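Okay, data_30.csv now, which holds CSV, C-alpha atoms:
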chain,number,residue,atom,x,y,z
Q,791,MET,CA,-0.7,17.3,31.1
Q,792,GLY,CA,2.6,18.3,29.5
Q,793,ARG,CA,4.3,15.0,30.3
Q,794,TYR,CA,1.2,13.2,28.9
Q,795,LEU,CA,1.4,15.2,25.6
Q,796,LEU,CA,5.1,14.5,25.2
Q,797,ARG,CA,4.5,10.8,25.7
Q,798,ARG,CA,1.6,10.8,23.2
Q,799,ILE,CA,3.6,12.7,20.6
Q,800,GLY,CA,6.4,10.2,21.0
Q,801,GLN,CA,3.9,7.3,20.4
Q,802,MET,CA,2.5,9.1,17.4
Q,803,VAL,CA,6.0,9.3,15.9
Q,804,VAL,CA,6.6,5.6,16.5
Q,805,VAL,CA,3.2,4.7,14.9
Q,806,LEU,CA,3.9,6.9,11.9
Q,807,LEU,CA,7.3,5.4,11.3
Q,808,GLY,CA,6.1,1.9,11.8
Q,809,ALA,CA,3.1,2.3,9.4
Q,810,THR,CA,5.2,3.9,6.6
Q,811,LEU,CA,7.9,1.2,7.0
Q,812,ILE,CA,5.3,-1.6,6.6
Q,813,LEU,CA,3.9,0.2,3.6
Q,814,PHE,CA,7.4,0.5,2.0
Q,815,ALA,CA,7.9,-3.2,2.6
Q,816,CYS,CA,4.6,-4.1,1.0
Q,817,LEU,CA,5.3,-1.9,-2.1
Q,818,PHE,CA,8.8,-3.4,-2.4
Q,819,VAL,CA,7.5,-7.0,-2.9
Q,820,ILE,CA,4.7,-6.1,-5.4
Q,821,PRO,CA,5.7,-7.4,-8.8
Q,822,GLY,CA,6.3,-4.9,-11.6
Q,823,ASP,CA,8.4,-1.9,-12.3
Q,824,PRO,CA,6.8,1.3,-11.1
Q,825,VAL,CA,8.8,3.6,-13.4
Q,826,GLY,CA,9.1,1.1,-16.3
Q,827,SER,CA,6.2,2.7,-18.2
Q,828,LEU,CA,7.9,6.1,-18.2
Q,829,ALA,CA,10.6,4.6,-20.5
Q,830,GLY,CA,8.0,3.7,-23.1
Q,831,SER,CA,6.4,0.4,-24.1
Q,832,GLU,CA,7.9,-2.8,-23.0
Q,833,ARG,CA,9.3,-3.6,-26.4
Q,834,SER,CA,10.9,-0.2,-27.0
Q,835,ARG,CA,12.3,0.4,-23.6
Q,836,ASP,CA,15.9,1.5,-23.5
Q,837,PRO,CA,17.6,-0.3,-20.5
Q,838,ALA,CA,19.8,2.8,-20.0
Q,839,VAL,CA,16.8,5.0,-19.6
Q,840,VAL,CA,15.2,2.5,-17.2
Q,841,GLU,CA,18.4,2.4,-15.2
Q,842,ALA,CA,18.6,6.3,-15.1
Q,843,LEU,CA,15.0,6.5,-13.9
Q,844,HIS,CA,15.7,3.9,-11.1
Q,845,LYS,CA,18.7,6.0,-10.1
Q,846,ARG,CA,16.8,9.2,-10.2
Q,847,TYR,CA,14.1,7.9,-7.8
Q,848,GLY,CA,16.4,5.9,-5.7
Q,849,LEU,CA,14.8,2.5,-6.7
Q,850,ASP,CA,18.3,1.0,-7.3
Q,851,LYS,CA,19.0,1.1,-3.6
Q,852,PRO,CA,18.0,-1.4,-0.8
Q,853,LEU,CA,14.6,-1.0,0.8
Q,854,ILE,CA,16.0,0.3,4.1
Q,855,VAL,CA,18.0,3.0,2.3
Q,856,GLN,CA,15.0,4.1,0.3
Q,857,TYR,CA,13.0,4.3,3.6
Q,858,GLY,CA,15.7,6.2,5.3
Q,859,THR,CA,15.8,8.7,2.5
Q,860,TYR,CA,12.0,9.1,2.5
Q,861,VAL,CA,12.0,9.8,6.3
Q,862,GLY,CA,14.8,12.3,6.0
Q,863,LYS,CA,12.9,14.2,3.3
Q,864,LEU,CA,9.6,13.9,5.2
Q,865,VAL,CA,11.1,15.6,8.2
Q,866,GLN,CA,11.8,18.6,5.9
Q,867,GLY,CA,8.3,18.5,4.5
Q,868,ASP,CA,9.3,16.8,1.2
Q,869,MET,CA,7.1,13.8,0.4
Q,870,GLY,CA,8.9,12.9,-2.8
Q,871,GLU,CA,8.2,13.4,-6.5
Q,872,ASP,CA,5.2,11.9,-8.4
Q,873,TYR,CA,6.3,9.4,-11.1
Q,874,THR,CA,3.9,10.5,-13.8
Q,875,GLN,CA,3.5,14.2,-13.4
Q,876,ARG,CA,7.0,14.7,-12.0
Q,877,ARG,CA,5.7,17.2,-9.5
Q,878,PRO,CA,6.1,17.3,-5.7
Q,879,VAL,CA,3.7,14.9,-4.0
Q,880,ALA,CA,2.7,17.5,-1.4
Q,881,GLU,CA,1.8,20.0,-4.2
Q,882,ILE,CA,-0.4,17.4,-5.9
Q,883,LEU,CA,-2.1,16.1,-2.7
Q,884,GLY,CA,-2.7,19.5,-1.0
Q,885,PRO,CA,-5.7,20.6,-3.0
Q,886,LYS,CA,-7.1,17.1,-3.0
Q,887,LEU,CA,-6.9,16.9,0.8
Q,888,VAL,CA,-9.0,20.1,0.9
Q,889,ASN,CA,-11.6,18.5,-1.4
Q,890,THR,CA,-11.7,15.4,0.8
Q,891,SER,CA,-11.9,17.5,3.9
Q,892,LYS,CA,-15.1,19.1,2.6
Q,893,LEU,CA,-16.7,15.7,2.2
Q,894,ALA,CA,-15.4,14.5,5.6
Q,895,VAL,CA,-16.6,17.6,7.6
Q,896,ALA,CA,-20.1,17.5,5.9
Q,897,ALA,CA,-20.3,13.7,6.6
Q,898,ILE,CA,-19.3,14.1,10.3
Q,899,VAL,CA,-21.8,16.9,10.8
Q,900,PHE,CA,-24.5,14.6,9.4
Q,901,ASP,CA,-23.3,11.7,11.7
Q,902,ALA,CA,-23.3,13.9,14.8
Q,903,VAL,CA,-26.5,15.7,14.2
Q,904,ILE,CA,-28.7,13.1,12.6
Q,905,GLY,CA,-27.2,9.9,14.0
Q,906,ALA,CA,-26.8,11.1,17.6
Q,907,GLY,CA,-30.2,12.9,17.5
Q,908,VAL,CA,-32.0,9.8,16.2
Q,909,GLY,CA,-30.3,7.7,18.8
Q,910,VAL,CA,-31.3,10.0,21.7
Q,911,LEU,CA,-34.9,10.0,20.6
Q,912,ALA,CA,-34.9,6.2,20.3
Q,913,ALA,CA,-33.6,5.8,23.8
Q,914,LEU,CA,-36.1,8.3,25.3
Q,915,LYS,CA,-38.9,6.5,23.5
Q,916,ARG,CA,-37.7,3.0,24.2
Q,917,TYR,CA,-39.9,0.2,22.8
Q,918,SER,CA,-42.2,2.7,21.0
Q,919,ILE,CA,-43.0,2.6,17.3
Q,920,TRP,CA,-40.3,5.2,16.7
Q,921,ASP,CA,-37.7,3.0,18.5
Q,922,THR,CA,-38.7,0.0,16.5
Q,923,VAL,CA,-38.5,1.9,13.2
Q,924,VAL,CA,-35.1,3.4,14.0
Q,925,THR,CA,-33.7,-0.1,15.0
Q,926,LEU,CA,-35.0,-1.7,11.8
Q,927,ILE,CA,-33.7,1.0,9.5
Q,928,THR,CA,-30.3,1.3,11.1
Q,929,THR,CA,-29.9,-2.5,11.0
Q,930,ILE,CA,-30.7,-2.5,7.3
Q,931,LEU,CA,-28.4,0.4,6.6
Q,932,VAL,CA,-25.4,-1.1,8.4
Q,933,GLY,CA,-25.7,-4.1,6.2
Q,934,PHE,CA,-25.5,-2.1,3.0
Q,935,PRO,CA,-22.1,-1.7,1.2
Q,936,THR,CA,-21.1,1.9,0.6
Q,937,PHE,CA,-20.7,1.4,-3.1
Q,938,VAL,CA,-24.3,0.2,-3.3
Q,939,ILE,CA,-25.6,3.3,-1.5
Q,940,GLY,CA,-23.5,5.5,-3.7
Q,941,MET,CA,-24.6,3.9,-7.0
Q,942,LEU,CA,-28.3,4.1,-5.9
Q,943,MET,CA,-28.0,7.7,-5.0
Q,944,LEU,CA,-26.0,8.6,-8.1
Q,945,ASN,CA,-28.6,6.8,-10.4
Q,946,LEU,CA,-31.6,8.5,-8.7
Q,947,PHE,CA,-30.4,12.1,-8.2
Q,948,ALA,CA,-27.9,12.4,-11.1
Q,949,VAL,CA,-29.2,10.1,-13.8
Q,950,GLN,CA,-33.0,10.0,-13.2
Q,951,LEU,CA,-33.8,13.3,-11.6
Q,952,LYS,CA,-30.8,15.2,-13.0
Q,953,TRP,CA,-30.5,17.3,-9.8
Q,954,VAL,CA,-26.7,17.1,-9.8
Q,955,PRO,CA,-24.1,16.3,-12.5
Q,956,VAL,CA,-22.5,12.9,-12.7
Q,957,ILE,CA,-19.0,14.4,-12.2
Q,958,GLY,CA,-18.7,16.1,-8.8
Q,959,ASP,CA,-17.4,19.7,-8.6
Q,960,PRO,CA,-15.6,20.3,-5.3
Q,961,SER,CA,-15.9,24.1,-5.8
Q,962,ASP,CA,-19.7,23.9,-5.8
Q,963,PRO,CA,-21.0,23.5,-2.2
Q,964,ALA,CA,-24.3,22.1,-3.4
Q,965,GLN,CA,-22.5,19.1,-5.0
Q,966,VAL,CA,-20.9,18.1,-1.6
Q,967,VAL,CA,-24.3,17.0,-0.3
Q,968,LEU,CA,-24.8,13.7,-2.2
Q,969,PRO,CA,-21.3,12.2,-1.7
Q,970,ALA,CA,-21.2,13.4,1.9
Q,971,ILE,CA,-24.6,11.7,2.6
Q,972,THR,CA,-23.3,8.5,1.0
Q,973,LEU,CA,-20.2,8.6,3.2
Q,974,ALA,CA,-22.3,9.4,6.3
Q,975,VAL,CA,-25.3,7.0,6.0
Q,976,ILE,CA,-23.7,3.9,7.4
Q,977,ASP,CA,-21.7,5.8,10.1
Q,978,ALA,CA,-24.9,7.7,11.1
Q,979,ALA,CA,-26.7,4.4,11.5
Q,980,LEU,CA,-23.9,3.1,13.7
Q,981,VAL,CA,-23.8,6.3,15.7
Q,982,ALA,CA,-27.6,6.1,16.3
Q,983,ARG,CA,-27.3,2.5,17.5
Q,984,LEU,CA,-24.3,3.4,19.7
Q,985,MET,CA,-26.0,6.5,21.1
Q,986,ARG,CA,-29.2,4.5,21.9
Q,987,GLY,CA,-27.4,1.7,23.6
Q,988,THR,CA,-25.1,3.9,25.8
Q,989,MET,CA,-27.9,6.2,26.7
Q,990,LEU,CA,-30.1,3.3,27.9
Q,991,GLU,CA,-27.2,2.0,29.9
Q,992,VAL,CA,-26.7,5.4,31.6
Q,993,LEU,CA,-30.4,5.8,32.2
Q,994,ARG,CA,-30.3,2.6,34.3
Q,995,ALA,CA,-27.3,3.8,36.4
Q,996,ASP,CA,-27.8,4.4,40.1
Q,997,TYR,CA,-26.7,8.0,40.1
Q,998,VAL,CA,-29.3,8.9,37.5
Q,999,LYS,CA,-32.0,7.1,39.6
Q,1000,THR,CA,-30.8,8.9,42.7
Q,1001,ALA,CA,-30.9,12.3,41.0
Q,1002,ILE,CA,-34.5,11.7,39.8
Q,1003,ALA,CA,-35.5,10.5,43.3
Q,1004,LYS,CA,-34.1,13.7,44.8
Q,1005,GLY,CA,-36.4,15.7,42.6
Q,1006,VAL,CA,-33.8,17.1,40.2
Q,1007,PRO,CA,-35.7,18.2,37.0
Q,1008,ARG,CA,-35.7,15.6,34.3
Q,1009,ARG,CA,-34.3,18.0,31.7
Q,1010,GLU,CA,-31.3,18.8,34.0
Q,1011,VAL,CA,-30.7,15.1,34.6
Q,1012,LEU,CA,-30.7,14.4,30.9
Q,1013,LEU,CA,-28.4,17.2,30.0
Q,1014,LYS,CA,-25.9,17.1,32.9
Q,1015,HIS,CA,-25.8,13.4,33.6
Q,1016,VAL,CA,-27.2,11.2,30.9
Q,1017,LEU,CA,-26.2,13.0,27.7
Q,1018,ARG,CA,-22.8,14.0,28.9
Q,1019,ASN,CA,-21.8,10.5,29.9
Q,1020,SER,CA,-23.5,8.8,26.9
Q,1021,VAL,CA,-21.7,10.9,24.4
Q,1022,ILE,CA,-18.2,9.7,25.3
Q,1023,PRO,CA,-18.3,6.5,23.3
Q,1024,VAL,CA,-19.9,8.4,20.4
Q,1025,VAL,CA,-17.1,10.9,20.4
Q,1026,THR,CA,-14.6,8.1,20.2
Q,1027,TYR,CA,-16.3,6.5,17.2
Q,1028,ILE,CA,-16.8,9.8,15.4
Q,1029,GLY,CA,-13.2,10.8,15.9
Q,1030,ILE,CA,-12.0,7.5,14.5
Q,1031,SER,CA,-14.5,7.7,11.6
Q,1032,PHE,CA,-13.4,11.3,10.8
Q,1033,GLY,CA,-9.8,10.2,10.6
Q,1034,GLY,CA,-10.7,7.4,8.2
Q,1035,LEU,CA,-12.7,9.8,6.0
Q,1036,LEU,CA,-9.8,12.3,5.9
Q,1037,GLY,CA,-7.5,9.5,5.1
Q,1038,GLY,CA,-9.3,9.0,1.8
Q,1039,ALA,CA,-12.8,7.9,1.0
Q,1040,ILE,CA,-11.7,5.8,-2.0
Q,1041,ILE,CA,-15.0,4.2,-2.9
Q,1042,THR,CA,-17.2,7.2,-2.6
Q,1043,GLU,CA,-14.8,9.6,-4.4
Q,1044,THR,CA,-14.4,7.1,-7.2
Q,1045,ILE,CA,-18.2,6.7,-7.7
Q,1046,PHE,CA,-18.8,10.5,-7.7
Q,1047,ASN,CA,-15.6,11.4,-9.6
Q,1048,TRP,CA,-14.7,13.6,-6.7
Q,1049,ASP,CA,-11.1,14.9,-7.0
Q,1050,GLY,CA,-9.9,14.0,-3.5
Q,1051,ILE,CA,-7.1,12.0,-2.1
Q,1052,GLY,CA,-9.2,8.8,-2.1
Q,1053,MET,CA,-9.5,9.0,-5.9
Q,1054,ALA,CA,-5.8,9.9,-6.1
Q,1055,MET,CA,-5.0,6.8,-4.1
Q,1056,SER,CA,-7.1,4.6,-6.3
Q,1057,THR,CA,-5.5,5.9,-9.5
Q,1058,ALA,CA,-2.0,5.7,-8.0
Q,1059,ILE,CA,-2.5,2.0,-7.0
Q,1060,GLN,CA,-3.5,1.2,-10.6
Q,1061,GLN,CA,-0.5,3.0,-12.0
Q,1062,GLN,CA,2.0,1.7,-9.3
Q,1063,ASN,CA,2.7,5.4,-8.5
Q,1064,ASN,CA,4.3,4.6,-5.2
Q,1065,PRO,CA,5.1,8.2,-4.1
Q,1066,ILE,CA,1.4,9.1,-4.2
Q,1067,VAL,CA,0.4,5.8,-2.4
Q,1068,VAL,CA,2.9,6.4,0.4
Q,1069,GLY,CA,2.0,10.1,0.6
Q,1070,VAL,CA,-1.7,9.4,1.1
Q,1071,ALA,CA,-1.0,6.6,3.6
Q,1072,THR,CA,1.4,8.9,5.5
Q,1073,TRP,CA,-1.2,11.7,5.7
Q,1074,GLY,CA,-3.9,9.2,6.7
Q,1075,VAL,CA,-1.8,7.7,9.6
Q,1076,ALA,CA,-0.8,11.2,10.7
Q,1077,ILE,CA,-4.4,12.5,10.7
Q,1078,PHE,CA,-5.6,9.3,12.5
Q,1079,VAL,CA,-3.1,9.5,15.4
Q,1080,VAL,CA,-3.6,13.3,15.8
Q,1081,LEU,CA,-7.4,12.8,16.0
Q,1082,ASN,CA,-6.9,10.0,18.6
Q,1083,LEU,CA,-5.1,12.5,20.7
Q,1084,VAL,CA,-7.8,15.1,20.3
Q,1085,VAL,CA,-10.4,12.5,21.3
Q,1086,ASP,CA,-8.5,11.7,24.5
Q,1087,LEU,CA,-8.4,15.4,25.3
Q,1088,LEU,CA,-12.1,15.6,24.8
Q,1089,TYR,CA,-12.6,12.7,27.2
Q,1090,ALA,CA,-11.1,14.8,30.0
Q,1091,MET,CA,-13.3,17.7,29.1
Q,1092,LEU,CA,-16.5,15.6,29.0
Q,1093,ASP,CA,-15.7,13.5,32.1
Q,1094,PRO,CA,-13.9,15.2,35.0
Q,1095,ARG,CA,-13.2,11.8,36.5
Q,1096,ILE,CA,-10.7,11.1,33.7
Q,1097,ARG,CA,-7.2,12.3,34.4
Q,1098,LEU,CA,-4.6,12.5,31.7
Q,1099,SER,CA,-1.2,11.4,33.2

How does the structure come out when it is put into structure tokens?
Amino acid sequence: MGRYLLRRIGQMVVVLLGATLILFACLFVIPGDPVGSLAGSERSRDPAVVEALHKRYGLDKPLIVQYGTYVGKLVQGDMGEDYTQRRPVAEILGPKLVNTSKLAVAAIVFDAVIGAGVGVLAALKRYSIWDTVVTLITTILVGFPTFVIGMLMLNLFAVQLKWVPVIGDPSDPAQVVLPAITLAVIDAALVARLMRGTMLEVLRADYVKTAIAKGVPRREVLLKHVLRNSVIPVVTYIGISFGGLLGGAIITETIFNWDGIGMAMSTAIQQQNNPIVVGVATWGVAIFVVLNLVVDLLYAMLDPRIRLS
């Protein structure tokens, strides 16, 4: 186990370095001057001020040098300085990550409880009216874009019914519900379809038929054999989905004016505020690779046949 963890941590470091290097390269070739606007309008800019800003943020150096400086600071917990507010990136993104985490946790709970629960019932009642309805609804939901669902829910509950304000308040737990459901709807539909499919496959397995033939109670067969093996692909999907949500739900946060890292990313891209863009991307990749490791460890807990080596 120890050797496995060391190898995975090494892989995580390589992935993080590779992702940030690619992002740096992409930002480097984007036209425009990310700090030019800080020196005033284009007509009134003083070249000396622009040059000083470039020197301050290291933009006058080659890409590889800029990247090396960023990695060196990142190891020390320094993610750079925001161009517009001139504050540490970590200080700006910290509270926003907390706000995004509230949405992500609520959305994942909805996925796991509603999505998996609906999928289990559909599998147990295969070819029934319930199964047909679930299949139809989940197919429709999967085809809906997130922004359409968000706009419909915002118009209904905030504009028409006025149950919630248009601008979301992360400090109010009640206001987490609407954007969290918007985030979770499509994933919950996919979880339901995945849970149904894997559970039907396990129900047809020989070891399940053997257990039933031996007189093992149906409830015990379902809990110990069917559900435990069916949930492994679902855990994988939920883990990946959770990483994506924590990395920044840009569309949903923008629609609901939710002060999270997704909205911060959207604003930073428009302003060419590269330190925020790189900071959000770095956190997103780090969260994603850590959750992948957690999912692999959960595999070993759920299925004793899996050995981590």

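You will find atom CA of Gln1061 of chain Q at 23.2 Å from atom CA of Lys863 of chain Q.
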
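Interatomic distance, atom CA of Thr988 of chain Q to atom CA of Ile904 of chain Q: 16.5 Å.
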
When you draw a straight line from atom CA of Glu881 of chain Q to atom CA of Ile1077 of chain Q, how long is it in Å?
17.8 Å

Under the rule that all atoms listed in the file are counted, which of Q:Ser1056, Q:Thr859, Q:Gln801, Q:Asn889 is the nearest residue to Gly958 of chain Q?
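Looking at the shortest contact to Gly958 of chain Q, the residue is Q:Asn889.
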
Do a neighbour search on Phe937 of chain Q at 12 Å with only C-alpha atoms, toss out local chain neighbours closer than 3 positions, and write the hits as a list in words.
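Here the answer would be Gly933, Phe934, Gly940, Met941, Leu942, Met943, Leu944, Pro969, Thr972, Leu973, Val975, Ile976, Ala1039, Ile1040, Ile1041, Thr1042, Glu1043, Thr1044, Ile1045 and Phe1046 of chain Q.
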
Rank nothing, just name the residue among Q:Arg876, Q:Arg983, Q:Lys851, Q:Lys892 nearest to Ala970 of chain Q, using only C-alpha atoms.
Q:Lys892

Calculated over only C-alpha atoms, which of the candidates Q:Ala1090, Q:Asp962, Q:Ala913, Q:Val1070 has the smallest distance to Arg994 of chain Q?
Q:Ala913

Tell me, counting only C-alpha atoms, for each residue of segment 1036-1069 of chain Q within 12 Å of segment 836-848 of chain Q, which pair of atoms is nearest and how far apart they are in Å to one decimal, in rows ordered by chain and increasing number, as CSV.
residue,atom,partner,partner_atom,distance
Q:Asn1063,CA,Q:Tyr847,CA,11.7
Q:Asn1064,CA,Q:Tyr847,CA,10.7
Q:Pro1065,CA,Q:Tyr847,CA,9.7

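Using all atoms listed in the file, the nearest neighbour of Gly1029 of chain Q within the list Q:Tyr794, Q:Phe947, Q:Phe1078, Q:Phe814 is Q:Phe1078.
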
Name all residues at most 10 Å from Asp1049 of chain Q (count only C-alpha atoms; drop same-chain ones fewer than 4 positions away) and give them as a PyMOL selection string.
chain Q and resi 885-890+957-960+1043-1044+1053-1054

Using the file's own x, y and z axes, what box holds all listed atoms of segment 981-994 of chain Q with 8 Å on each side, keeping edges along x, y and z, and what are its centre and edge lengths in Å to one decimal, as lines of an AutoDock Vina configuration file?
center_x = -27.1
center_y = 4.1
center_z = 25.0
size_x = 22.6
size_y = 20.8
size_z = 34.6

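In this comparison, which uses all atoms listed in the file, the residue of Q:Gln875, Q:Asn1082, Q:Thr936, Q:Thr929 approaching Val805 of chain Q most closely is Q:Asn1082.
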
Which neighbours of Cys816 of chain Q fall inside 12 Å, counting all atoms listed in the file, when residues of the same chain fewer than 3 positions from it are skipped, and could you give them as a compact mmCIF listing (two decimals) with C-alpha atoms, in the frame of the given file?
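Everything below was put into out-v5.txt:
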# COMPACT_ATOMS: atom_id res chain seq x y z
CA ALA Q 809 3.10 2.30 9.40
CA THR Q 810 5.20 3.90 6.60
CA LEU Q 811 7.90 1.20 7.00
CA ILE Q 812 5.30 -1.60 6.60
CA LEU Q 813 3.90 0.20 3.60
CA VAL Q 819 7.50 -7.00 -2.90
CA ILE Q 820 4.70 -6.10 -5.40
CA PRO Q 821 5.70 -7.40 -8.80
CA LEU Q 853 14.60 -1.00 0.80
CA ASN Q 1064 4.30 4.60 -5.20
CA VAL Q 1067 0.40 5.80 -2.40
CA VAL Q 1068 2.90 6.40 0.40

Have a look at Q:Ile1030, Q:Ile971, Q:Ala815, Q:Val855 and name the one nearest to Leu1083 of chain Q; count all atoms listed in the file.
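Among Q:Ile1030, Q:Ile971, Q:Ala815, Q:Val855, it is Q:Ile1030 that comes nearest to Leu1083 of chain Q.
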
Reconstructed segment 951-962 of chain Q, atom set N, CA, C and O atoms, as a short mmCIF file (atom, residue, chain, number, x, y, z; two decimals), keeping the file's coordinate frame:
data_model
loop_
_atom_site.label_atom_id
_atom_site.label_comp_id
_atom_site.auth_asym_id
_atom_site.auth_seq_id
_atom_site.Cartn_x
_atom_site.Cartn_y
_atom_site.Cartn_z
N LEU Q 951 -33.26 11.97 -11.88
CA LEU Q 951 -33.80 13.30 -11.60
C LEU Q 951 -32.97 14.43 -12.14
O LEU Q 951 -33.47 15.55 -12.29
N LYS Q 952 -31.68 14.16 -12.42
CA LYS Q 952 -30.80 15.20 -13.00
C LYS Q 952 -30.65 16.40 -12.07
O LYS Q 952 -30.54 17.53 -12.54
N TRP Q 953 -30.69 16.19 -10.79
CA TRP Q 953 -30.50 17.30 -9.80
C TRP Q 953 -29.07 17.72 -9.71
O TRP Q 953 -28.77 18.87 -9.42
N VAL Q 954 -28.17 16.77 -9.88
CA VAL Q 954 -26.70 17.10 -9.80
C VAL Q 954 -26.03 16.40 -10.96
O VAL Q 954 -26.52 15.42 -11.52
N PRO Q 955 -24.88 16.95 -11.38
CA PRO Q 955 -24.10 16.30 -12.50
C PRO Q 955 -23.47 15.03 -12.01
O PRO Q 955 -23.28 14.80 -10.82
N VAL Q 956 -23.13 14.20 -12.99
CA VAL Q 956 -22.50 12.90 -12.70
C VAL Q 956 -21.11 13.12 -12.10
O VAL Q 956 -20.70 12.42 -11.17
N ILE Q 957 -20.37 14.08 -12.65
CA ILE Q 957 -19.00 14.40 -12.20
C ILE Q 957 -19.10 15.47 -11.12
O ILE Q 957 -19.59 16.58 -11.39
N GLY Q 958 -18.66 15.18 -9.91
CA GLY Q 958 -18.70 16.10 -8.80
C GLY Q 958 -17.76 17.29 -8.97
O GLY Q 958 -16.64 17.11 -9.44
N ASP Q 959 -18.20 18.48 -8.58
CA ASP Q 959 -17.40 19.70 -8.60
C ASP Q 959 -17.10 20.13 -7.19
O ASP Q 959 -18.00 20.69 -6.54
N PRO Q 960 -15.89 19.94 -6.66
CA PRO Q 960 -15.60 20.30 -5.30
C PRO Q 960 -15.79 21.80 -4.98
O PRO Q 960 -15.96 22.19 -3.82
N SER Q 961 -15.76 22.65 -6.04
CA SER Q 961 -15.90 24.10 -5.80
C SER Q 961 -17.37 24.50 -5.62
O SER Q 961 -17.64 25.63 -5.24
N ASP Q 962 -18.30 23.58 -5.91
CA ASP Q 962 -19.70 23.90 -5.80
C ASP Q 962 -20.23 23.25 -4.46
O ASP Q 962 -20.33 22.04 -4.35
#
